[in-house]
>>> print(open('data_19.tsv').read())   # TSV, N, CA and C atoms
chain	number	residue	atom	x	y	z
A	1	MET	N	5.54	-14.54	10.35
A	1	MET	CA	5.32	-13.57	11.37
A	1	MET	C	6.13	-13.99	12.58
A	2	LYS	N	6.93	-13.12	13.10
A	2	LYS	CA	7.77	-13.47	14.23
A	2	LYS	C	7.17	-12.90	15.51
A	3	TYR	N	7.00	-13.76	16.51
A	3	TYR	CA	6.43	-13.36	17.77
A	3	TYR	C	7.48	-13.45	18.85
A	4	SER	N	7.47	-12.50	19.74
A	4	SER	CA	8.40	-12.56	20.86
A	4	SER	C	7.72	-13.08	22.12
A	5	LYS	N	6.38	-13.08	22.15
A	5	LYS	CA	5.66	-13.54	23.32
A	5	LYS	C	4.73	-14.69	22.96
A	6	LYS	N	4.66	-15.67	23.83
A	6	LYS	CA	3.78	-16.81	23.63
A	6	LYS	C	2.32	-16.38	23.55
A	7	GLU	N	1.94	-15.37	24.33
A	7	GLU	CA	0.56	-14.89	24.36
A	7	GLU	C	0.13	-14.36	23.00
A	8	THR	N	1.04	-13.77	22.26
A	8	THR	CA	0.70	-13.20	20.97
A	8	THR	C	0.24	-14.28	20.00
A	9	VAL	N	0.89	-15.42	19.97
A	9	VAL	CA	0.49	-16.53	19.11
A	9	VAL	C	-0.89	-17.02	19.53
A	10	LYS	N	-1.12	-17.14	20.82
A	10	LYS	CA	-2.42	-17.58	21.34
A	10	LYS	C	-3.51	-16.60	20.93
A	11	GLU	N	-3.23	-15.31	21.03
A	11	GLU	CA	-4.20	-14.29	20.63
A	11	GLU	C	-4.53	-14.40	19.15
A	12	GLU	N	-3.53	-14.64	18.31
A	12	GLU	CA	-3.76	-14.79	16.87
A	12	GLU	C	-4.65	-15.99	16.59
A	13	LYS	N	-4.38	-17.11	17.26
A	13	LYS	CA	-5.18	-18.32	17.07
A	13	LYS	C	-6.63	-18.06	17.43
A	14	GLU	N	-6.85	-17.39	18.56
A	14	GLU	CA	-8.21	-17.12	19.00
A	14	GLU	C	-8.90	-16.11	18.09
A	15	LYS	N	-8.17	-15.11	17.64
A	15	LYS	CA	-8.72	-14.07	16.77
A	15	LYS	C	-9.26	-14.66	15.47
A	16	PHE	N	-8.53	-15.58	14.89
A	16	PHE	CA	-8.91	-16.17	13.61
A	16	PHE	C	-9.55	-17.55	13.74
A	17	ASP	N	-9.79	-18.03	14.95
A	17	ASP	CA	-10.38	-19.35	15.18
A	17	ASP	C	-9.61	-20.41	14.39
A	18	LEU	N	-8.32	-20.52	14.66
A	18	LEU	CA	-7.44	-21.39	13.89
A	18	LEU	C	-7.25	-22.75	14.55
A	19	GLN	N	-7.22	-23.78	13.72
A	19	GLN	CA	-6.90	-25.13	14.18
A	19	GLN	C	-5.54	-25.50	13.58
A	20	GLU	N	-4.59	-25.83	14.45
A	20	GLU	CA	-3.25	-26.15	13.97
A	20	GLU	C	-3.28	-27.40	13.09
A	21	CYS	N	-2.56	-27.33	11.96
A	21	CYS	CA	-2.53	-28.50	11.07
A	21	CYS	C	-1.12	-29.03	10.86
A	22	PHE	N	-0.06	-28.23	11.11
A	22	PHE	CA	1.30	-28.76	11.01
A	22	PHE	C	2.28	-27.86	11.74
A	23	THR	N	3.42	-28.46	12.09
A	23	THR	CA	4.56	-27.73	12.65
A	23	THR	C	5.81	-28.18	11.91
A	24	LEU	N	6.68	-27.23	11.62
A	24	LEU	CA	7.91	-27.53	10.89
A	24	LEU	C	9.10	-26.87	11.57
A	25	TRP	N	10.19	-27.62	11.67
A	25	TRP	CA	11.44	-27.10	12.22
A	25	TRP	C	12.41	-26.83	11.08
A	26	LEU	N	13.23	-25.83	11.27
A	26	LEU	CA	14.22	-25.43	10.27
A	26	LEU	C	15.51	-26.21	10.46
A	27	HIS	N	16.08	-26.70	9.35
A	27	HIS	CA	17.34	-27.44	9.36
A	27	HIS	C	18.24	-26.91	8.24
A	28	LYS	N	19.50	-27.22	8.37
A	28	LYS	CA	20.45	-26.90	7.30
A	28	LYS	C	21.10	-28.20	6.84
A	29	GLY	N	20.99	-28.48	5.55
A	29	GLY	CA	21.56	-29.69	4.99
A	29	GLY	C	23.08	-29.62	4.91
A	30	LYS	N	23.70	-30.74	4.58
A	30	LYS	CA	25.16	-30.80	4.46
A	30	LYS	C	25.69	-29.82	3.43
A	31	ASN	N	24.86	-29.54	2.42
A	31	ASN	CA	25.25	-28.61	1.36
A	31	ASN	C	24.95	-27.15	1.73
A	32	GLY	N	24.44	-26.92	2.96
A	32	GLY	CA	24.14	-25.57	3.43
A	32	GLY	C	22.76	-25.07	3.07
A	33	VAL	N	22.00	-25.85	2.33
A	33	VAL	CA	20.65	-25.45	1.94
A	33	VAL	C	19.67	-25.69	3.10
A	34	LYS	N	18.83	-24.69	3.38
A	34	LYS	CA	17.85	-24.81	4.45
A	34	LYS	C	16.64	-25.60	3.96
A	35	TYR	N	16.11	-26.43	4.87
A	35	TYR	CA	14.90	-27.18	4.59
A	35	TYR	C	14.10	-27.31	5.88
A	36	LEU	N	12.89	-27.83	5.79
A	36	LEU	CA	11.99	-27.95	6.92
A	36	LEU	C	11.59	-29.40	7.13
A	37	SER	N	11.36	-29.79	8.36
A	37	SER	CA	10.80	-31.12	8.65
A	37	SER	C	9.90	-30.99	9.87
A	38	GLY	N	8.89	-31.87	9.92
A	38	GLY	CA	7.97	-31.83	11.04
A	38	GLY	C	6.85	-32.82	10.88
A	39	ASN	N	5.69	-32.47	11.44
A	39	ASN	CA	4.54	-33.37	11.45
A	39	ASN	C	3.26	-32.60	11.20
A	40	ASP	N	2.26	-33.34	10.68
A	40	ASP	CA	0.93	-32.77	10.57
A	40	ASP	C	0.14	-33.12	11.83
A	41	LEU	N	-1.13	-32.74	11.88
A	41	LEU	CA	-1.91	-32.97	13.09
A	41	LEU	C	-2.13	-34.44	13.39
A	42	ASN	N	-1.95	-35.32	12.39
A	42	ASN	CA	-2.08	-36.77	12.59
A	42	ASN	C	-0.73	-37.45	12.84
A	43	LYS	N	0.29	-36.65	13.07
A	43	LYS	CA	1.66	-37.12	13.35
A	43	LYS	C	2.34	-37.75	12.12
A	44	ASN	N	1.81	-37.48	10.91
A	44	ASN	CA	2.50	-37.91	9.70
A	44	ASN	C	3.72	-37.02	9.49
A	45	LYS	N	4.80	-37.61	9.03
A	45	LYS	CA	6.04	-36.86	8.83
A	45	LYS	C	5.95	-36.03	7.55
A	46	LEU	N	6.49	-34.80	7.65
A	46	LEU	CA	6.49	-33.87	6.53
A	46	LEU	C	7.90	-33.36	6.28
A	47	VAL	N	8.14	-32.94	5.05
A	47	VAL	CA	9.38	-32.27	4.70
A	47	VAL	C	9.00	-31.09	3.80
A	48	GLY	N	9.66	-29.97	4.02
A	48	GLY	CA	9.35	-28.77	3.24
A	48	GLY	C	10.61	-28.14	2.67
A	49	PHE	N	10.43	-27.48	1.54
A	49	PHE	CA	11.55	-26.84	0.85
A	49	PHE	C	11.18	-25.42	0.47
A	50	PHE	N	12.15	-24.51	0.62
A	50	PHE	CA	11.97	-23.14	0.18
A	50	PHE	C	12.21	-23.12	-1.32
A	51	ASN	N	11.30	-22.50	-2.04
A	51	ASN	CA	11.38	-22.44	-3.49
A	51	ASN	C	12.29	-21.29	-3.91
A	52	GLN	N	13.16	-21.54	-4.84
A	52	GLN	CA	13.99	-20.48	-5.43
A	52	GLN	C	13.14	-19.79	-6.49
A	53	LYS	N	12.33	-18.82	-6.05
A	53	LYS	CA	11.33	-18.20	-6.91
A	53	LYS	C	11.96	-17.39	-8.04
A	54	LYS	N	11.37	-17.58	-9.21
A	54	LYS	CA	11.76	-16.79	-10.38
A	54	LYS	C	10.65	-15.83	-10.77
A	55	ALA	N	9.46	-16.01	-10.15
A	55	ALA	CA	8.31	-15.15	-10.41
A	55	ALA	C	7.42	-15.14	-9.17
A	56	ASP	N	6.67	-14.04	-8.97
A	56	ASP	CA	5.80	-13.91	-7.80
A	56	ASP	C	4.72	-14.98	-7.75
A	57	LYS	N	4.32	-15.51	-8.89
A	57	LYS	CA	3.27	-16.51	-8.93
A	57	LYS	C	3.73	-17.87	-8.41
A	58	GLN	N	5.03	-18.06	-8.30
A	58	GLN	CA	5.56	-19.32	-7.79
A	58	GLN	C	5.47	-19.34	-6.26
A	59	PRO	N	5.17	-20.50	-5.67
A	59	PRO	CA	5.06	-20.58	-4.21
A	59	PRO	C	6.41	-20.36	-3.52
A	60	SER	N	6.34	-19.94	-2.27
A	60	SER	CA	7.55	-19.71	-1.46
A	60	SER	C	8.02	-20.99	-0.79
A	61	VAL	N	7.06	-21.83	-0.36
A	61	VAL	CA	7.37	-23.07	0.35
A	61	VAL	C	6.48	-24.18	-0.20
A	62	ARG	N	7.08	-25.33	-0.42
A	62	ARG	CA	6.35	-26.53	-0.84
A	62	ARG	C	6.57	-27.59	0.23
A	63	ILE	N	5.46	-28.21	0.68
A	63	ILE	CA	5.53	-29.20	1.74
A	63	ILE	C	5.03	-30.53	1.20
A	64	TYR	N	5.80	-31.59	1.50
A	64	TYR	CA	5.51	-32.94	1.00
A	64	TYR	C	5.35	-33.90	2.17
A	65	ASP	N	4.61	-34.98	1.93
A	65	ASP	CA	4.61	-36.03	2.94
A	65	ASP	C	5.91	-36.81	2.78
A	66	LEU	N	6.34	-37.42	3.86
A	66	LEU	CA	7.59	-38.17	3.86
A	66	LEU	C	7.24	-39.65	3.99
A	67	LYS	N	7.67	-40.44	3.02
A	67	LYS	CA	7.38	-41.88	3.03
A	67	LYS	C	8.21	-42.59	4.09
A	68	GLU	N	7.80	-43.80	4.44
A	68	GLU	CA	8.51	-44.57	5.47
A	68	GLU	C	9.97	-44.82	5.12
A	69	ASP	N	10.27	-44.94	3.82
A	69	ASP	CA	11.66	-45.18	3.40
A	69	ASP	C	12.49	-43.90	3.38
A	70	GLY	N	11.88	-42.77	3.78
A	70	GLY	CA	12.60	-41.50	3.83
A	70	GLY	C	12.54	-40.70	2.54
A	71	SER	N	11.90	-41.23	1.52
A	71	SER	CA	11.79	-40.48	0.26
A	71	SER	C	10.62	-39.50	0.31
A	72	THR	N	10.70	-38.50	-0.53
A	72	THR	CA	9.67	-37.48	-0.60
A	72	THR	C	8.48	-38.01	-1.36
A	73	GLY	N	7.30	-37.83	-0.77
A	73	GLY	CA	6.06	-38.28	-1.39
A	73	GLY	C	5.37	-37.15	-2.14
A	74	GLU	N	4.06	-37.15	-2.06
A	74	GLU	CA	3.22	-36.20	-2.76
A	74	GLU	C	3.30	-34.81	-2.13
A	75	GLU	N	3.25	-33.78	-2.97
A	75	GLU	CA	3.16	-32.41	-2.46
A	75	GLU	C	1.77	-32.24	-1.85
A	76	ILE	N	1.73	-31.82	-0.58
A	76	ILE	CA	0.44	-31.73	0.10
A	76	ILE	C	0.05	-30.30	0.48
A	77	ILE	N	1.02	-29.39	0.58
A	77	ILE	CA	0.73	-28.00	0.93
A	77	ILE	C	1.63	-27.08	0.10
A	78	THR	N	1.03	-26.02	-0.41
A	78	THR	CA	1.76	-25.01	-1.17
A	78	THR	C	1.50	-23.67	-0.51
A	79	LEU	N	2.56	-22.91	-0.20
A	79	LEU	CA	2.43	-21.66	0.53
A	79	LEU	C	3.15	-20.52	-0.17
A	80	TRP	N	2.55	-19.34	-0.13
A	80	TRP	CA	3.15	-18.12	-0.64
A	80	TRP	C	3.39	-17.18	0.53
A	81	GLU	N	4.48	-16.42	0.47
A	81	GLU	CA	4.79	-15.48	1.54
A	81	GLU	C	4.16	-14.13	1.24
A	82	TYR	N	3.59	-13.53	2.30
A	82	TYR	CA	2.97	-12.21	2.22
A	82	TYR	C	3.45	-11.37	3.39
A	83	LYS	N	3.13	-10.09	3.34
A	83	LYS	CA	3.46	-9.17	4.42
A	83	LYS	C	2.15	-8.60	4.96
A	84	SER	N	1.98	-8.65	6.29
A	84	SER	CA	0.78	-8.12	6.92
A	84	SER	C	0.80	-6.59	6.90
A	85	GLN	N	-0.31	-5.98	7.26
A	85	GLN	CA	-0.38	-4.52	7.32
A	85	GLN	C	0.60	-3.95	8.34
A	86	GLN	N	0.96	-4.76	9.34
A	86	GLN	CA	1.93	-4.34	10.35
A	86	GLN	C	3.37	-4.58	9.91
A	87	GLY	N	3.55	-5.16	8.70
A	87	GLY	CA	4.88	-5.39	8.17
A	87	GLY	C	5.49	-6.73	8.52
A	88	ASN	N	4.70	-7.66	9.08
A	88	ASN	CA	5.20	-8.98	9.46
A	88	ASN	C	5.00	-9.98	8.32
A	89	ASP	N	5.97	-10.84	8.13
A	89	ASP	CA	5.87	-11.89	7.11
A	89	ASP	C	4.99	-13.02	7.62
A	90	TYR	N	4.17	-13.58	6.73
A	90	TYR	CA	3.38	-14.77	7.02
A	90	TYR	C	3.20	-15.54	5.72
A	91	LEU	N	2.69	-16.75	5.83
A	91	LEU	CA	2.48	-17.61	4.67
A	91	LEU	C	1.00	-17.94	4.55
A	92	SER	N	0.54	-18.04	3.32
A	92	SER	CA	-0.84	-18.41	3.06
A	92	SER	C	-0.87	-19.30	1.82
A	93	GLY	N	-1.76	-20.28	1.83
A	93	GLY	CA	-1.84	-21.18	0.68
A	93	GLY	C	-2.93	-22.20	0.85
A	94	THR	N	-2.75	-23.36	0.20
A	94	THR	CA	-3.77	-24.40	0.23
A	94	THR	C	-3.12	-25.77	0.33
A	95	THR	N	-3.94	-26.72	0.80
A	95	THR	CA	-3.53	-28.12	0.77
A	95	THR	C	-3.88	-28.68	-0.61
A	96	ASN	N	-3.44	-29.90	-0.88
A	96	ASN	CA	-3.80	-30.54	-2.14
A	96	ASN	C	-5.29	-30.88	-2.19
A	97	GLU	N	-5.98	-30.75	-1.07
A	97	GLU	CA	-7.42	-30.96	-1.02
A	97	GLU	C	-8.19	-29.64	-1.00
A	98	LYS	N	-7.50	-28.55	-1.35
A	98	LYS	CA	-8.08	-27.19	-1.47
A	98	LYS	C	-8.54	-26.59	-0.15
A	99	GLU	N	-7.94	-27.01	0.97
A	99	GLU	CA	-8.22	-26.39	2.25
A	99	GLU	C	-7.29	-25.20	2.40
A	100	ASN	N	-7.81	-24.08	2.90
A	100	ASN	CA	-7.00	-22.88	3.07
A	100	ASN	C	-6.12	-23.00	4.30
A	101	ILE	N	-4.88	-22.55	4.14
A	101	ILE	CA	-3.88	-22.62	5.21
A	101	ILE	C	-3.30	-21.23	5.43
A	102	ILE	N	-3.04	-20.90	6.69
A	102	ILE	CA	-2.27	-19.71	7.04
A	102	ILE	C	-1.16	-20.20	7.99
A	103	ALA	N	0.03	-19.66	7.83
A	103	ALA	CA	1.16	-20.12	8.64
A	103	ALA	C	1.98	-18.93	9.11
A	104	PHE	N	2.57	-19.10	10.27
A	104	PHE	CA	3.34	-18.03	10.89
A	104	PHE	C	4.75	-18.52	11.21
A	105	TYR	N	5.70	-17.62	11.03
A	105	TYR	CA	7.09	-17.91	11.34
A	105	TYR	C	7.35	-17.78	12.83
A	106	GLY	N	8.26	-18.60	13.31
A	106	GLY	CA	8.79	-18.47	14.66
A	106	GLY	C	10.19	-17.87	14.54
A	107	ASP	N	10.95	-17.97	15.59
A	107	ASP	CA	12.31	-17.47	15.61
A	107	ASP	C	13.25	-18.53	15.05
A	108	GLU	N	13.98	-18.19	14.03
A	108	GLU	CA	14.91	-19.10	13.36
A	108	GLU	C	15.96	-19.67	14.32
A	109	HIS	N	16.25	-18.95	15.39
A	109	HIS	CA	17.33	-19.35	16.30
A	109	HIS	C	16.85	-20.12	17.53
A	110	GLN	N	15.54	-20.32	17.67
A	110	GLN	CA	15.02	-21.10	18.79
A	110	GLN	C	14.76	-22.52	18.31
A	111	GLU	N	15.74	-23.38	18.49
A	111	GLU	CA	15.68	-24.75	17.97
A	111	GLU	C	14.63	-25.61	18.65
A	112	LYS	N	14.19	-25.25	19.85
A	112	LYS	CA	13.22	-26.07	20.56
A	112	LYS	C	11.78	-25.73	20.18
A	113	ARG	N	11.60	-24.73	19.36
A	113	ARG	CA	10.27	-24.32	18.91
A	113	ARG	C	10.20	-24.44	17.39
A	114	PRO	N	9.01	-24.76	16.87
A	114	PRO	CA	8.89	-24.85	15.41
A	114	PRO	C	9.20	-23.52	14.73
A	115	TYR	N	9.76	-23.61	13.54
A	115	TYR	CA	10.04	-22.41	12.75
A	115	TYR	C	8.78	-21.93	12.04
A	116	ILE	N	7.94	-22.87	11.60
A	116	ILE	CA	6.68	-22.52	10.95
A	116	ILE	C	5.56	-23.35	11.58
A	117	ARG	N	4.49	-22.67	11.96
A	117	ARG	CA	3.27	-23.34	12.43
A	117	ARG	C	2.17	-23.00	11.44
A	118	GLY	N	1.50	-24.06	10.95
A	118	GLY	CA	0.43	-23.86	9.99
A	118	GLY	C	-0.93	-24.19	10.59
A	119	TYR	N	-1.94	-23.48	10.14
A	119	TYR	CA	-3.29	-23.62	10.66
A	119	TYR	C	-4.29	-23.69	9.51
A	120	PHE	N	-5.35	-24.44	9.72
A	120	PHE	CA	-6.47	-24.42	8.77
A	120	PHE	C	-7.14	-23.06	8.94
A	121	LYS	N	-7.41	-22.39	7.84
A	121	LYS	CA	-8.03	-21.08	7.88
A	121	LYS	C	-9.47	-21.20	7.43
A	122	LYS	N	-10.38	-20.87	8.33
A	122	LYS	CA	-11.79	-20.90	7.99
A	122	LYS	C	-12.16	-19.60	7.31
A	123	ASP	N	-12.91	-19.70	6.21
A	123	ASP	CA	-13.32	-18.47	5.51
A	123	ASP	C	-14.71	-18.06	5.88
>>> encode(input="data_19.tsv", output="structure tokens")
Amino acid sequence: MKYSKKETVKEEKEKFDLQECFTLWLHKGKNGVKYLSGNDLNKNKLVGFFNQKKADKQPSVRIYDLKEDGSTGEEIITLWEYKSQQGNDYLSGTTNEKENIIAFYGDEHQEKRPYIRGYFKKD
């Protein structure tokens, strides 16, 4: 979901009583492939990859913890992309501990702001 105003994100958080669980910034690798990096709420490093989906049942984004040596660790969050009733893209999925997550897109061109912000979703 792309927001043009800071207040809109705040309103969404309050509307759904959301607690932020991660932020991810968009990067482009040397090979031109886009990937994500950021932190969870405990400041653990994360890396995320867009899935080259071959079927709707496959997730859109997979997020892994990043080990101290820089290697990819365990997959910790799996997200699928959906479209809201207003036509905005958003992500929804679960952690490896079965906690529900909802995530919203930022502006791809604003490098000082996260590209994806994820929140624990209370049911």
>>> select_by_dssp(input="data_19.tsv", residues="chain A", states="strand (DSSP E)", output="NGL selection string")
:A and (19-28 or 34-40 or 45-50 or 61-66 or 72-83 or 89-95 or 100-105 or 116-120)
>>> closest_residue(input="data_19.tsv", among="A:Lys45, A:Ala55, A:Asp107, A:Ile102", to="Lys121 in chain A", atoms="only C-alpha atoms")
A:Ile102
>>> closest_atom_pairs(input="data_19.tsv", of="range 86-111 of chain A", to="range 25-29 of chain A", cutoff="8 Å", atoms="all atoms listed in the file", output="JSON lines")
{"residue": "A:Glu108", "atom": "CA", "partner": "A:Leu26", "partner_atom": "CA", "distance": 7.1}
{"residue": "A:Gln110", "atom": "C", "partner": "A:Leu26", "partner_atom": "N", "distance": 7.9}
{"residue": "A:Glu111", "atom": "CA", "partner": "A:Leu26", "partner_atom": "N", "distance": 7.2}
>>> closest_atom_pairs(input="data_19.tsv", of="range 28-60 of chain A", to="range 68-82 of chain A", cutoff="8 Å", atoms="all atoms listed in the file", output="Markdown table")
| residue | atom | partner | partner_atom | distance |
| --- | --- | --- | --- | --- |
| A:Val47 | N | A:Thr72 | CA | 7.4 |
| A:Asp56 | C | A:Trp80 | CA | 7.9 |
| A:Lys57 | C | A:Trp80 | CA | 7.8 |
| A:Gln58 | C | A:Trp80 | CA | 6.2 |
| A:Pro59 | CA | A:Leu79 | C | 4.5 |
| A:Ser60 | N | A:Leu79 | C | 3.9 |
>>> atom_distance(input="data_19.tsv", atom1="CA of Asn100 in chain A", atom2="CA of Tyr119 in chain A")
8.5 Å
>>> closest_residue(input="data_19.tsv", among="A:Gln85, A:Ala103, A:Leu36, A:Lys112", to="Leu24 in chain A", atoms="all atoms listed in the file")
A:Leu36
>>> residues_around(input="data_19.tsv", residues="Phe104 in chain A", least_positions_apart="3", cutoff="7 Å", atoms="only C-alpha atoms", output="PyMOL selection string")
chain A and resi 1+90-91+116-118
>>> write_last_selection(input="data_19.tsv", atoms="N, CA and C atoms", output="PDB file, in the coordinates of the input")
ATOM      1  N   MET A   1       5.540 -14.540  10.350  1.00  0.00           N
ATOM      2  CA  MET A   1       5.320 -13.570  11.370  1.00  0.00           C
ATOM      3  C   MET A   1       6.130 -13.990  12.580  1.00  0.00           C
ATOM      4  N   TYR A  90       4.170 -13.580   6.730  1.00  0.00           N
ATOM      5  CA  TYR A  90       3.380 -14.770   7.020  1.00  0.00           C
ATOM      6  C   TYR A  90       3.200 -15.540   5.720  1.00  0.00           C
ATOM      7  N   LEU A  91       2.690 -16.750   5.830  1.00  0.00           N
ATOM      8  CA  LEU A  91       2.480 -17.610   4.670  1.00  0.00           C
ATOM      9  C   LEU A  91       1.000 -17.940   4.550  1.00  0.00           C
ATOM     10  N   ILE A 116       7.940 -22.870  11.600  1.00  0.00           N
ATOM     11  CA  ILE A 116       6.680 -22.520  10.950  1.00  0.00           C
ATOM     12  C   ILE A 116       5.560 -23.350  11.580  1.00  0.00           C
ATOM     13  N   ARG A 117       4.490 -22.670  11.960  1.00  0.00           N
ATOM     14  CA  ARG A 117       3.270 -23.340  12.430  1.00  0.00           C
ATOM     15  C   ARG A 117       2.170 -23.000  11.440  1.00  0.00           C
ATOM     16  N   GLY A 118       1.500 -24.060  10.950  1.00  0.00           N
ATOM     17  CA  GLY A 118       0.430 -23.860   9.990  1.00  0.00           C
ATOM     18  C   GLY A 118      -0.930 -24.190  10.590  1.00  0.00           C
TER      19      GLY A 118
END
>>> select_by_dssp(input="data_19.tsv", residues="chain A", states="helix (DSSP H, G or I)", output="list in words")
Lys6, Glu7, Thr8, Val9, Lys10, Glu11, Glu12, Lys13, Glu14, Lys15 and Phe16 of chain A
